[in-house]
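Undergrad: Dropping in input-v9.txt, with compact mmCIF, C-alpha atoms and all ligand atoms.
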```txt
# COMPACT_ATOMS: atom_id res chain seq x y z
CA MET A 1 0.00 0.00 0.00
CA ILE A 2 1.25 3.48 -0.83
CA ASN A 3 0.64 5.98 1.94
CA ILE A 4 -0.35 9.62 1.78
CA PRO A 5 2.57 12.01 2.44
CA LYS A 6 3.00 13.09 6.04
CA GLY A 7 1.05 16.24 6.92
CA THR A 8 -1.45 15.94 4.06
CA LYS A 9 -5.06 14.81 4.11
CA ASP A 10 -7.66 13.24 1.89
CA VAL A 11 -11.04 14.89 2.02
CA LEU A 12 -13.42 11.96 1.82
CA PRO A 13 -17.02 12.16 0.59
CA LYS A 14 -18.32 12.11 4.15
CA GLU A 15 -16.44 15.36 4.82
CA SER A 16 -16.28 17.08 1.45
CA TYR A 17 -19.71 18.66 1.86
CA LYS A 18 -18.25 20.66 4.75
CA TRP A 19 -15.53 22.04 2.52
CA GLN A 20 -18.05 22.94 -0.12
CA TYR A 21 -20.15 24.69 2.50
CA ILE A 22 -17.38 26.82 4.00
CA GLU A 23 -15.99 27.67 0.58
CA LYS A 24 -19.45 28.78 -0.48
CA LYS A 25 -19.75 30.94 2.64
CA ALA A 26 -16.34 32.47 1.92
CA ARG A 27 -17.41 33.39 -1.62
CA GLU A 28 -20.75 34.75 -0.45
CA THR A 29 -19.11 36.87 2.22
CA ALA A 30 -16.56 38.23 -0.25
CA LYS A 31 -19.38 39.15 -2.60
CA LYS A 32 -21.20 41.07 0.12
CA TYR A 33 -18.09 43.19 0.62
CA SER A 34 -17.52 43.67 -3.10
CA VAL A 35 -14.35 41.60 -3.07
CA LYS A 36 -13.39 39.78 -6.28
CA GLU A 37 -11.60 36.46 -6.63
CA ILE A 38 -8.01 36.13 -7.82
CA ARG A 39 -6.36 32.77 -8.56
CA THR A 40 -2.59 32.50 -8.71
CA PRO A 41 -0.44 29.42 -9.47
CA THR A 42 0.32 26.78 -6.88
CA PHE A 43 4.04 27.47 -7.30
CA GLU A 44 6.07 30.62 -7.90
CA HIS A 45 9.69 31.57 -8.37
CA THR A 46 11.23 31.23 -4.92
CA GLU A 47 12.19 34.89 -5.01
CA VAL A 48 8.54 35.89 -4.68
CA PHE A 49 8.48 34.53 -1.14
CA LEU A 50 12.02 35.50 -0.20
CA ARG A 51 11.06 39.09 -0.93
CA GLY A 52 7.42 38.90 0.06
CA VAL A 53 7.52 36.89 3.26
CA GLY A 54 10.90 38.08 4.49
CA ASP A 55 14.05 36.23 5.36
CA THR A 56 13.77 36.40 9.15
CA THR A 57 10.57 34.37 9.21
CA ASP A 58 10.07 30.71 10.11
CA ILE A 59 8.41 30.24 6.77
CA VAL A 60 11.42 31.26 4.72
CA ASN A 61 14.01 29.79 7.05
CA LYS A 62 12.55 26.36 7.65
CA GLU A 63 9.17 25.74 6.14
CA MET A 64 9.27 26.27 2.38
CA TYR A 65 8.89 23.51 -0.17
CA THR A 66 11.63 24.64 -2.53
CA PHE A 67 13.13 22.65 -5.38
CA LEU A 68 14.91 23.08 -8.69
CA ASP A 69 12.73 22.24 -11.66
CA LYS A 70 14.06 20.52 -14.76
CA GLY A 71 15.12 23.91 -16.13
CA GLU A 72 17.20 24.55 -12.98
CA ARG A 73 14.85 27.29 -11.76
CA SER A 74 14.26 27.59 -8.05
CA ILE A 75 10.57 26.99 -7.51
CA THR A 76 8.57 27.16 -4.26
CA LEU A 77 5.12 25.82 -3.47
CA LYS A 78 3.05 28.70 -2.18
CA PRO A 79 3.47 28.88 1.63
CA GLU A 80 0.97 31.76 1.91
CA GLY A 81 -1.22 33.78 -0.39
CA THR A 82 -0.29 37.43 -0.09
CA SER A 83 3.10 37.47 -1.84
CA ALA A 84 1.71 35.65 -4.86
CA VAL A 85 -1.18 38.10 -5.11
CA VAL A 86 1.26 41.02 -4.94
CA ARG A 87 3.40 39.43 -7.67
CA ALA A 88 0.28 39.17 -9.87
CA LEU A 89 -0.85 42.69 -8.99
CA ILE A 90 2.46 44.09 -10.19
CA GLU A 91 2.87 41.82 -13.21
CA ASP A 92 -0.70 42.28 -14.46
CA GLY A 93 -0.87 45.98 -13.66
CA LEU A 94 -3.90 45.60 -11.41
CA PHE A 95 -2.88 48.80 -9.62
CA ASN A 96 -4.20 50.70 -12.66
CA GLU A 97 -7.74 49.56 -11.90
CA ALA A 98 -10.20 51.40 -9.71
CA LEU A 99 -8.87 51.63 -6.17
CA PRO A 100 -9.14 50.28 -3.60
CA LEU A 101 -8.63 46.93 -5.22
CA LYS A 102 -10.35 44.24 -3.17
CA LEU A 103 -9.29 40.65 -3.81
CA TYR A 104 -9.86 37.25 -2.24
CA TYR A 105 -8.54 33.74 -2.78
CA ILE A 106 -9.08 30.22 -1.57
CA THR A 107 -5.81 28.40 -1.99
CA PRO A 108 -3.74 25.45 -0.85
CA CYS A 109 -0.58 26.44 1.06
CA PHE A 110 2.48 24.31 1.72
CA ARG A 111 4.77 24.47 4.71
CA TYR A 112 7.25 21.90 5.89
CA GLU A 113 6.23 21.80 9.55
CA ARG A 114 5.88 19.19 12.24
CA PRO A 115 2.36 17.89 11.62
CA GLN A 116 -0.13 17.96 14.48
CA ALA A 117 -3.78 18.85 14.99
CA GLY A 118 -4.40 22.05 13.03
CA ARG A 119 -0.87 22.05 11.61
CA LEU A 120 -0.42 20.38 8.24
CA ARG A 121 2.08 20.44 5.41
CA GLU A 122 -0.64 21.14 2.91
CA PHE A 123 -3.44 23.30 4.25
CA HIS A 124 -5.91 25.80 2.82
CA GLN A 125 -6.48 29.47 3.32
CA PHE A 126 -9.28 31.85 2.61
CA GLY A 127 -7.50 35.16 2.20
CA VAL A 128 -8.52 38.74 1.49
CA GLU A 129 -6.28 41.60 0.38
CA VAL A 130 -7.27 45.23 -0.12
CA PHE A 131 -4.82 47.49 -1.95
CA GLY A 132 -4.51 51.21 -2.40
CA ALA A 133 -6.37 52.65 0.60
CA ALA A 134 -4.47 53.77 3.69
CA GLY A 135 -7.42 54.69 5.89
CA ALA A 136 -8.34 52.90 9.08
CA ASP A 137 -11.75 52.14 7.62
CA VAL A 138 -10.26 49.50 5.29
CA ASP A 139 -8.49 47.82 8.20
CA ALA A 140 -11.77 47.73 10.08
CA GLU A 141 -13.67 46.48 7.04
CA VAL A 142 -11.25 43.62 6.45
CA ILE A 143 -11.60 42.59 10.10
CA LEU A 144 -15.38 42.81 9.83
CA LEU A 145 -15.31 40.64 6.71
CA ALA A 146 -13.33 37.93 8.50
CA LYS A 147 -15.71 38.10 11.43
CA GLU A 148 -18.77 37.99 9.21
CA PHE A 149 -17.41 34.91 7.43
CA LEU A 150 -16.66 33.13 10.70
CA GLU A 151 -20.14 33.93 11.98
CA SER A 152 -21.77 32.78 8.74
CA VAL A 153 -20.22 29.36 9.36
CA GLY A 154 -21.59 29.43 12.91
CA ILE A 155 -18.49 30.41 14.84
CA THR A 156 -19.15 33.28 17.20
CA GLU A 157 -16.88 32.70 20.18
CA LEU A 158 -13.53 33.73 18.75
CA GLU A 159 -11.57 36.46 20.46
CA LEU A 160 -10.36 39.29 18.27
CA ASN A 161 -6.84 40.35 19.28
CA LEU A 162 -5.68 43.68 18.01
CA ASN A 163 -2.35 45.48 17.96
CA SER A 164 -0.45 48.10 16.04
CA ILE A 165 3.21 47.61 15.22
CA GLY A 166 3.68 51.13 13.91
CA CYS A 167 5.31 52.35 10.74
CA LYS A 168 8.92 52.37 9.55
CA THR A 169 9.69 55.47 11.58
CA CYS A 170 8.25 54.69 14.98
CA ARG A 171 9.07 51.00 14.78
CA ALA A 172 12.75 51.83 14.20
CA GLU A 173 12.81 53.76 17.45
CA TYR A 174 10.95 50.97 19.26
CA ASN A 175 13.24 48.29 17.82
CA GLU A 176 16.22 50.00 19.44
CA VAL A 177 14.51 50.18 22.82
CA LEU A 178 13.41 46.57 22.53
CA LYS A 179 16.84 45.37 21.41
CA ALA A 180 18.44 47.07 24.39
CA TYR A 181 15.97 45.34 26.71
CA LEU A 182 16.49 41.95 25.03
CA ARG A 183 20.27 42.28 25.19
CA GLU A 184 19.98 42.81 28.94
CA ASN A 185 17.98 39.59 29.18
CA GLN A 186 19.81 37.65 26.52
CA GLU A 187 20.72 34.64 28.61
CA LYS A 188 17.07 33.99 29.41
CA LEU A 189 16.04 33.76 25.75
CA CYS A 190 15.83 30.61 23.66
CA PRO A 191 18.76 30.11 21.21
CA LEU A 192 16.61 31.04 18.23
CA CYS A 193 15.53 34.33 19.78
CA ARG A 194 19.07 35.18 20.80
CA GLU A 195 19.94 34.79 17.15
CA ARG A 196 17.05 36.79 15.71
CA MET A 197 16.81 39.57 18.29
CA GLU A 198 19.32 41.73 16.45
CA LYS A 199 17.84 41.29 13.00
CA ASN A 200 14.19 41.27 13.94
CA PRO A 201 13.57 41.84 17.65
CA LEU A 202 9.78 41.99 17.14
CA ARG A 203 9.80 38.30 16.35
CA VAL A 204 10.86 37.54 19.93
CA LEU A 205 7.52 38.92 21.14
CA ASP A 206 5.84 36.16 19.17
CA CYS A 207 7.99 33.29 20.48
CA LYS A 208 6.07 30.46 22.13
CA ASP A 209 9.03 29.39 24.32
CA GLU A 210 8.12 29.71 28.00
CA ASP A 211 11.33 31.43 29.05
CA CYS A 212 10.95 33.90 26.22
CA ARG A 213 7.35 34.52 27.28
CA LEU A 214 8.64 35.53 30.72
CA VAL A 215 11.11 37.99 29.24
CA VAL A 216 8.49 39.38 26.89
CA LYS A 217 6.08 39.98 29.75
CA ASN A 218 8.11 42.94 30.99
CA ALA A 219 9.36 44.14 27.63
CA PRO A 220 8.68 47.69 26.51
CA ARG A 221 5.42 47.91 24.57
CA ILE A 222 5.21 49.05 21.00
CA LEU A 223 1.97 50.87 21.73
CA ASP A 224 3.88 53.29 23.95
CA TYR A 225 6.16 54.20 21.06
CA LEU A 226 3.70 54.75 18.22
CA CYS A 227 4.07 58.04 16.38
CA ALA A 228 1.12 60.43 16.34
CA GLU A 229 -0.13 59.23 12.92
CA CYS A 230 0.08 55.54 13.81
CA LYS A 231 -1.62 56.17 17.10
CA GLU A 232 -4.46 58.04 15.46
CA HIS A 233 -4.82 55.33 12.83
CA PHE A 234 -5.02 52.61 15.46
CA GLU A 235 -7.58 54.53 17.49
CA LYS A 236 -9.71 55.03 14.40
CA VAL A 237 -9.66 51.30 13.65
CA GLN A 238 -10.92 50.62 17.15
CA LYS A 239 -13.54 53.33 16.99
CA LEU A 240 -14.95 51.94 13.76
CA LEU A 241 -15.01 48.41 15.15
CA ARG A 242 -16.84 49.62 18.24
CA SER A 243 -19.33 51.48 16.05
CA CYS A 244 -20.24 48.08 14.59
CA GLY A 245 -20.52 46.48 18.00
CA VAL A 246 -17.34 44.42 17.65
CA GLN A 247 -15.54 43.40 20.81
CA TYR A 248 -11.78 43.06 20.81
CA LYS A 249 -8.78 42.79 23.07
CA ILE A 250 -5.64 44.86 22.68
CA ASN A 251 -2.77 42.40 22.69
CA PRO A 252 0.66 44.04 22.44
CA ASP A 253 2.37 40.68 21.87
CA ILE A 254 0.87 39.88 18.52
CA VAL A 255 3.28 40.87 15.79
CA ARG A 256 2.37 38.23 13.17
CA GLY A 257 4.76 35.78 11.64
CA LEU A 258 5.53 37.65 8.43
CA ASP A 259 7.99 40.49 7.98
CA TYR A 260 5.84 42.73 5.86
CA TYR A 261 3.31 44.04 8.35
CA THR A 262 2.91 47.68 9.42
CA ARG A 263 0.41 49.35 11.75
CA THR A 264 -2.65 47.19 12.37
CA VAL A 265 -2.14 43.49 13.10
CA PHE A 266 -4.90 41.20 14.29
CA GLU A 267 -5.75 37.60 15.02
CA PHE A 268 -8.95 35.70 15.68
CA VAL A 269 -8.07 33.21 18.38
CA SER A 270 -9.88 30.31 19.98
CA THR A 271 -9.05 28.55 23.20
CA ALA A 272 -11.00 25.48 22.06
CA ILE A 273 -8.37 23.94 19.76
CA GLY A 274 -5.26 24.11 21.92
CA ALA A 275 -1.94 25.50 20.78
CA GLN A 276 -3.05 25.95 17.20
CA GLY A 277 -5.67 28.44 18.33
CA THR A 278 -5.11 31.17 15.76
CA VAL A 279 -7.68 30.63 13.08
CA CYS A 280 -7.18 33.90 11.25
CA GLY A 281 -4.31 36.34 11.14
CA GLY A 282 -3.84 39.53 9.24
CA GLY A 283 -2.89 43.14 9.15
CA ARG A 284 -1.63 46.06 7.16
CA TYR A 285 1.44 45.79 4.94
CA ASP A 286 2.07 49.20 3.44
CA GLY A 287 5.61 48.59 2.19
CA LEU A 288 5.15 45.19 0.58
CA VAL A 289 4.11 46.09 -2.97
CA GLU A 290 6.96 48.55 -3.33
CA SER A 291 9.49 46.15 -1.86
CA MET A 292 8.48 43.60 -4.48
CA GLY A 293 9.15 46.05 -7.29
CA GLY A 294 5.71 47.61 -7.67
CA PRO A 295 4.38 51.12 -7.08
CA ALA A 296 3.99 52.52 -3.56
CA LEU A 297 0.62 50.90 -2.96
CA CYS A 298 -0.48 50.13 0.57
CA GLY A 299 -2.38 47.01 1.51
CA VAL A 300 -4.25 45.24 4.27
CA GLY A 301 -5.55 41.70 4.48
CA PHE A 302 -5.82 38.40 6.29
CA GLY A 303 -5.29 34.68 5.86
CA LEU A 304 -7.70 32.28 7.48
CA GLY A 305 -6.87 28.59 7.89
CA LEU A 306 -9.75 26.42 6.73
CA GLU A 307 -8.56 23.20 8.41
CA ARG A 308 -8.39 25.01 11.73
CA LEU A 309 -11.82 26.47 11.07
CA LEU A 310 -13.24 22.98 10.46
CA LEU A 311 -11.49 21.68 13.56
CA LEU A 312 -13.17 24.42 15.51
CA THR A 313 -16.64 23.63 14.14
CA GLU A 314 -16.13 20.05 15.37
CA LYS A 315 -14.88 21.11 18.79
CA LEU A 316 -17.73 23.57 19.23
CA GLY A 317 -20.36 21.22 17.86
CA VAL A 318 -21.30 23.63 15.09
CA ASN A 319 -23.52 21.86 12.60
CA ILE A 320 -22.58 22.18 8.94
CA PRO A 321 -25.52 21.30 6.73
CA ASP A 322 -25.04 18.75 3.96
CA GLU A 323 -26.45 20.59 0.99
CA ASN A 324 -25.73 17.64 -1.27
CA ALA A 325 -28.27 15.36 0.36
CA LEU A 326 -29.92 13.02 -2.13
CA GLN A 327 -33.44 14.24 -2.71
CA LEU A 328 -34.97 11.12 -4.19
CA TYR A 329 -34.29 7.42 -4.48
CA ILE A 330 -36.41 5.54 -7.00
CA ALA A 331 -36.80 1.86 -6.14
CA PRO A 332 -37.91 -0.05 -9.24
CA MET A 333 -39.30 -3.58 -9.14
CA GLY A 334 -39.61 -5.58 -12.36
CA GLU A 335 -38.20 -5.16 -15.87
CA SER A 336 -40.49 -2.41 -17.15
CA ALA A 337 -40.21 -0.49 -13.86
CA TYR A 338 -36.45 -0.49 -14.29
CA GLU A 339 -36.72 1.06 -17.71
CA LYS A 340 -39.13 3.66 -16.45
CA ALA A 341 -36.97 4.42 -13.40
CA PHE A 342 -33.94 5.01 -15.60
CA SER A 343 -35.60 7.57 -17.85
CA LEU A 344 -37.59 9.14 -15.01
CA ALA A 345 -34.40 9.66 -13.00
CA GLU A 346 -32.81 11.42 -15.94
CA GLU A 347 -35.88 13.58 -16.54
CA LEU A 348 -35.94 14.66 -12.90
CA ARG A 349 -32.20 15.39 -12.88
CA LYS A 350 -32.69 17.65 -15.89
CA ALA A 351 -35.26 19.51 -13.80
CA GLY A 352 -32.68 19.98 -11.04
CA VAL A 353 -33.61 17.18 -8.64
CA SER A 354 -30.86 14.91 -7.30
CA VAL A 355 -31.92 11.33 -8.00
CA GLU A 356 -30.45 7.88 -7.61
CA THR A 357 -31.86 4.51 -8.55
CA ASP A 358 -30.83 0.85 -8.45
CA HIS A 359 -27.92 -0.53 -10.49
CA PHE A 360 -27.89 -4.14 -9.30
CA GLY A 361 -31.44 -5.49 -9.51
CA ARG A 362 -31.57 -5.60 -5.72
CA SER A 363 -34.61 -6.69 -3.75
CA LEU A 364 -36.89 -3.98 -2.42
CA LYS A 365 -35.60 -4.56 1.09
CA ALA A 366 -31.99 -4.21 -0.03
CA GLN A 367 -32.88 -1.10 -1.99
CA MET A 368 -34.48 0.51 1.05
CA LYS A 369 -31.33 -0.19 3.00
CA TYR A 370 -29.24 1.30 0.23
CA ALA A 371 -31.45 4.42 0.04
CA ASP A 372 -30.99 4.81 3.78
CA LYS A 373 -27.20 4.54 3.49
CA LEU A 374 -27.22 7.17 0.77
CA GLY A 375 -29.17 9.45 3.07
CA ALA A 376 -32.00 9.79 0.57
CA GLN A 377 -34.59 12.30 1.77
CA ASN A 378 -37.43 10.65 -0.17
CA VAL A 379 -38.10 7.26 -1.70
CA VAL A 380 -40.52 6.32 -4.46
CA VAL A 381 -41.27 2.65 -5.07
CA LEU A 382 -41.99 1.90 -8.71
CA GLY A 383 -43.67 -1.46 -9.43
CA GLU A 384 -46.22 -2.88 -11.83
CA ASN A 385 -49.10 -1.33 -9.85
CA GLU A 386 -47.61 2.15 -9.91
CA LEU A 387 -46.91 1.90 -13.61
CA ALA A 388 -50.48 0.81 -14.29
CA SER A 389 -52.13 3.49 -12.17
CA GLY A 390 -49.62 6.23 -13.03
CA GLU A 391 -49.54 7.15 -9.35
CA VAL A 392 -46.78 6.77 -6.74
CA PHE A 393 -46.25 7.37 -3.05
CA VAL A 394 -43.43 9.71 -2.13
CA LYS A 395 -42.14 8.55 1.22
CA ARG A 396 -40.38 11.16 3.31
CA MET A 397 -37.65 9.27 5.14
CA SER A 398 -37.33 11.64 8.10
CA ASP A 399 -40.78 10.79 9.43
CA GLY A 400 -42.12 8.09 7.11
CA GLN A 401 -44.96 10.29 5.89
CA GLN A 402 -46.32 9.28 2.46
CA VAL A 403 -47.83 11.56 -0.13
CA LYS A 404 -49.62 10.23 -3.20
CA THR A 405 -48.86 11.96 -6.47
CA ALA A 406 -49.10 11.33 -10.21
CA LEU A 407 -45.96 9.93 -11.79
CA ASN A 408 -45.80 12.72 -14.32
CA ASN A 409 -46.28 15.24 -11.54
CA LEU A 410 -43.08 14.26 -9.69
CA LYS A 411 -41.11 17.10 -11.25
CA GLU A 412 -43.53 19.66 -9.82
CA TYR A 413 -43.60 17.79 -6.50
CA PHE A 414 -39.90 18.45 -6.00
P1 LIG B 1 1.11 29.67 13.58
O1 LIG B 1 1.55 30.70 14.54
O2 LIG B 1 0.02 28.79 14.11
O3 LIG B 1 2.25 28.89 12.98
P2 LIG B 1 1.20 31.44 11.35
O4 LIG B 1 1.43 32.76 11.97
O5 LIG B 1 2.35 30.70 10.76
O6 LIG B 1 0.43 30.47 12.37
P3 LIG B 1 -0.12 32.61 9.10
O7 LIG B 1 1.08 32.58 8.25
O8 LIG B 1 -0.60 33.90 9.63
O9 LIG B 1 0.04 31.56 10.29
O10 LIG B 1 -1.31 31.89 8.32
C1 LIG B 1 -2.68 32.29 8.51
C2 LIG B 1 -3.50 31.14 9.02
O11 LIG B 1 -3.24 29.93 8.29
C3 LIG B 1 -3.22 30.73 10.44
O12 LIG B 1 -3.89 31.56 11.34
C4 LIG B 1 -3.76 29.32 10.50
O13 LIG B 1 -5.16 29.31 10.64
C5 LIG B 1 -3.41 28.82 9.13
N1 LIG B 1 -2.18 28.01 9.15
C6 LIG B 1 -0.90 28.44 9.17
N2 LIG B 1 -0.03 27.40 9.13
C7 LIG B 1 -0.80 26.27 9.08
C8 LIG B 1 -0.50 24.87 9.00
N3 LIG B 1 0.74 24.43 8.95
N4 LIG B 1 -1.54 24.01 8.96
C9 LIG B 1 -2.82 24.45 9.00
N5 LIG B 1 -3.16 25.75 9.06
C10 LIG B 1 -2.16 26.66 9.10
MG MG B 2 3.58 29.17 11.42
```
Kindly return the structure encoded in the file as structure tokens.
TA:
Amino acid sequence: MINIPKGTKDVLPKESYKWQYIEKKARETAKKYSVKEIRTPTFEHTEVFLRGVGDTTDIVNKEMYTFLDKGERSITLKPEGTSAVVRALIEDGLFNEALPLKLYYITPCFRYERPQAGRLREFHQFGVEVFGAAGADVDAEVILLAKEFLESVGITELELNLNSIGCKTCRAEYNEVLKAYLRENQEKLCPLCRERMEKNPLRVLDCKDEDCRLVVKNAPRILDYLCAECKEHFEKVQKLLRSCGVQYKINPDIVRGLDYYTRTVFEFVSTAIGAQGTVCGGGRYDGLVESMGGPALCGVGFGLGLERLLLLTEKLGVNIPDENALQLYIAPMGESAYEKAFSLAEELRKAGVSVETDHFGRSLKAQMKYADKLGAQNVVVLGENELASGEVFVKRMSDGQQVKTALNNLKEYF
């Protein structure tokens, strides 16, 4: 037997309806906010992510699926969505379109990580990116969109964590203060943080190591160092969220895992799925487009992990409806009934009804069992009597109730 690669998953028929449902909700939510879909390739030139994600991140340092293709080009499977969207935005000149440009994607992502619950090597993200508007209202709108999507799937108990990590100017000042503090506490940091504190001290704030957490607890806070513009921007974001009745928590330790963020950063976090509790993370990334060779176009967005979202629906007992339920099973008995069932099934399918019938000449009892296994909502038995009278009983399986109707009225019945 050949096994599935570590950290990947099959979505089996008994689960796939859930994926279809959440993807549909994602698309519907995007539509409500006037956000259009963009699809980018599964792989890109490695440089896209080196530049886009940043070389002090876990993703670039340890997690990328990078290989040389047969033409000796360095190729990387998309570890996240934003950089690829920015590459497309620049290459296809999308910045010339009406601004702000609002885009979404549903994409597989690949990261070479240690697999565990909610942490896979291939996973999927619903992501939204808005380009070309610097105002706090876009930050708030993007957060509202994520929240609206989560609620549309039935998840209401996530905590919204909010922070601002300032702009180039005020963060530079803060970085120095933070570095000085971290140097003083160097010996208490994990080896990785000791290494990265000079290059990207903010990343230490995000470290999950317990000793680092202790150091971080007393570290100077970025919020105390924001410049006047960043402060005003952050306050406006909060004010707008409050005006829509959104609750949030200011969390000065969230800095996000990617290098490109500026100002607003946020996460939707759950305590119900353990360590992998961050379902959605996002923020503003005003320098990214320019740093990838495009015009000075600001941006804000989020990435939301769909596997973690599904995990959460299970943990919280949120019911996801199976919209693919079989509407009708036709159980034929006898040669002429079989012929009739075959063409009737096709006729009803053309009219939009989902129909299944027998393929094995099974007994009526076996067919009823089969219909039950398929989860058929209704069953019609078609025998000599029904053919002669032109009338059938539609049996509703949920409560066994039977309704008599003319055979050639079945289309209207459904
Ligand atoms: P974490 O801190 O859990 O590693 P991250 O900061 O690396 O998350 P992002 O790069 O912000 O995650 O990705 C956005 C979302 O994608 C996450 O909030 C999470 O829901 C999901 N995600 C990230 N990595 C994985 C993974 N390996 N498997 C499943 N989902 C993931
Ligand atoms: Mg990660």
Undergrad: Show which residues sit within 10 Å of Leu316 of chain A, as a VMD selection string. Count only C-alpha atoms, and ignore same-chain residues fewer than 6 positions away.
TA: chain A and resid 154 to 155 157 272 to 273 310
Undergrad: Using all atoms listed in the file, which of the listed residues (A:Gln125, A:Thr278, A:Ser243, A:Thr40) sits closest to ligand MG 2 (chain B)?
TA: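 Among the listed residues, the smallest separation from ligand MG 2 (chain B) belongs to A:Thr278.
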Undergrad: Output as a Markdown table one row per residue of chain A within 8 Å of ligand LIG 1 (chain B): the closest atom pair and its distance in Å to one decimal place, counting all atoms listed in the file, sorted by chain and residue number ascending.
TA:
```
| residue | atom | partner | partner_atom | distance |
| --- | --- | --- | --- | --- |
| A:Asp58 | CA | B:LIG1 | O5 | 7.7 |
| A:Ile59 | CA | B:LIG1 | O5 | 7.3 |
| A:Pro79 | CA | B:LIG1 | O7 | 8.0 |
| A:Glu80 | CA | B:LIG1 | O7 | 6.4 |
| A:Phe110 | CA | B:LIG1 | N3 | 7.4 |
| A:Arg111 | CA | B:LIG1 | N3 | 5.8 |
| A:Tyr112 | CA | B:LIG1 | N3 | 7.6 |
| A:Glu113 | CA | B:LIG1 | N3 | 6.1 |
| A:Pro115 | CA | B:LIG1 | N3 | 7.2 |
| A:Gly118 | CA | B:LIG1 | C9 | 4.9 |
| A:Arg119 | CA | B:LIG1 | N4 | 3.4 |
| A:Leu120 | CA | B:LIG1 | N4 | 3.9 |
| A:Arg121 | CA | B:LIG1 | N3 | 5.5 |
| A:Glu122 | CA | B:LIG1 | N4 | 6.8 |
| A:Phe123 | CA | B:LIG1 | C9 | 4.9 |
| A:His124 | CA | B:LIG1 | N5 | 6.8 |
| A:Gln125 | CA | B:LIG1 | O11 | 6.0 |
| A:Arg256 | CA | B:LIG1 | O4 | 5.7 |
| A:Gly257 | CA | B:LIG1 | O4 | 4.5 |
| A:Leu258 | CA | B:LIG1 | O7 | 6.7 |
| A:Glu267 | CA | B:LIG1 | O12 | 7.3 |
| A:Phe268 | CA | B:LIG1 | O12 | 7.8 |
| A:Ala275 | CA | B:LIG1 | O2 | 7.7 |
| A:Gln276 | CA | B:LIG1 | O2 | 5.2 |
| A:Gly277 | CA | B:LIG1 | O2 | 7.1 |
| A:Thr278 | CA | B:LIG1 | O12 | 4.6 |
| A:Val279 | CA | B:LIG1 | O13 | 3.7 |
| A:Cys280 | CA | B:LIG1 | O12 | 4.0 |
| A:Gly281 | CA | B:LIG1 | O8 | 4.7 |
| A:Gly282 | CA | B:LIG1 | O8 | 6.5 |
| A:Phe302 | CA | B:LIG1 | C1 | 7.2 |
| A:Gly303 | CA | B:LIG1 | C1 | 4.4 |
| A:Leu304 | CA | B:LIG1 | C2 | 4.6 |
| A:Gly305 | CA | B:LIG1 | O13 | 3.3 |
| A:Leu306 | CA | B:LIG1 | O13 | 6.7 |
| A:Glu307 | CA | B:LIG1 | C9 | 5.9 |
| A:Arg308 | CA | B:LIG1 | O13 | 5.5 |
| A:Leu309 | CA | B:LIG1 | O13 | 7.3 |
```
Undergrad: Selected residues, C-alpha atoms, written as a tab-separated table (two decimals), in the frame of the given file, please.
TA:
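Once written, part-v2.tsv looks like this:
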```
chain	number	residue	atom	x	y	z
A	58	ASP	CA	10.07	30.71	10.11
A	59	ILE	CA	8.41	30.24	6.77
A	79	PRO	CA	3.47	28.88	1.63
A	80	GLU	CA	0.97	31.76	1.91
A	110	PHE	CA	2.48	24.31	1.72
A	111	ARG	CA	4.77	24.47	4.71
A	112	TYR	CA	7.25	21.90	5.89
A	113	GLU	CA	6.23	21.80	9.55
A	115	PRO	CA	2.36	17.89	11.62
A	118	GLY	CA	-4.40	22.05	13.03
A	119	ARG	CA	-0.87	22.05	11.61
A	120	LEU	CA	-0.42	20.38	8.24
A	121	ARG	CA	2.08	20.44	5.41
A	122	GLU	CA	-0.64	21.14	2.91
A	123	PHE	CA	-3.44	23.30	4.25
A	124	HIS	CA	-5.91	25.80	2.82
A	125	GLN	CA	-6.48	29.47	3.32
A	256	ARG	CA	2.37	38.23	13.17
A	257	GLY	CA	4.76	35.78	11.64
A	258	LEU	CA	5.53	37.65	8.43
A	267	GLU	CA	-5.75	37.60	15.02
A	268	PHE	CA	-8.95	35.70	15.68
A	275	ALA	CA	-1.94	25.50	20.78
A	276	GLN	CA	-3.05	25.95	17.20
A	277	GLY	CA	-5.67	28.44	18.33
A	278	THR	CA	-5.11	31.17	15.76
A	279	VAL	CA	-7.68	30.63	13.08
A	280	CYS	CA	-7.18	33.90	11.25
A	281	GLY	CA	-4.31	36.34	11.14
A	282	GLY	CA	-3.84	39.53	9.24
A	302	PHE	CA	-5.82	38.40	6.29
A	303	GLY	CA	-5.29	34.68	5.86
A	304	LEU	CA	-7.70	32.28	7.48
A	305	GLY	CA	-6.87	28.59	7.89
A	306	LEU	CA	-9.75	26.42	6.73
A	307	GLU	CA	-8.56	23.20	8.41
A	308	ARG	CA	-8.39	25.01	11.73
A	309	LEU	CA	-11.82	26.47	11.07
```
Undergrad: Excluding segment 365-368 of chain A and residues on its chain fewer than 6 positions from it, collect all residues at most 9 Å away from it, counting all atoms listed in the file, and give them as a PyMOL selection string.
TA: chain A and resi 329+331-332+357-358+379
Undergrad: Can you tell me, as a ChimeraX atom specification, what residues are no more than 9 Å from Phe393 of chain A when counting all atoms listed in the file, ignoring any on the same chain fewer than 4 positions away?
TA: /A:379-382,386,402-406
Undergrad: Point out the residue among A:Asp209, A:Thr262, A:Tyr33, A:Leu178 with the least atom-to-atom distance to Cys190 of chain A, counting all atoms listed in the file.
TA: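 The answer is A:Asp209, which sits nearest to Cys190 of chain A.
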Undergrad: How far is it from atom CA of Ile330 of chain A to atom CA of Lys411 of chain A, in Å with one decimal?
TA: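 Taking atom CA of Ile330 of chain A and atom CA of Lys411 of chain A, their separation equals 13.2 Å.
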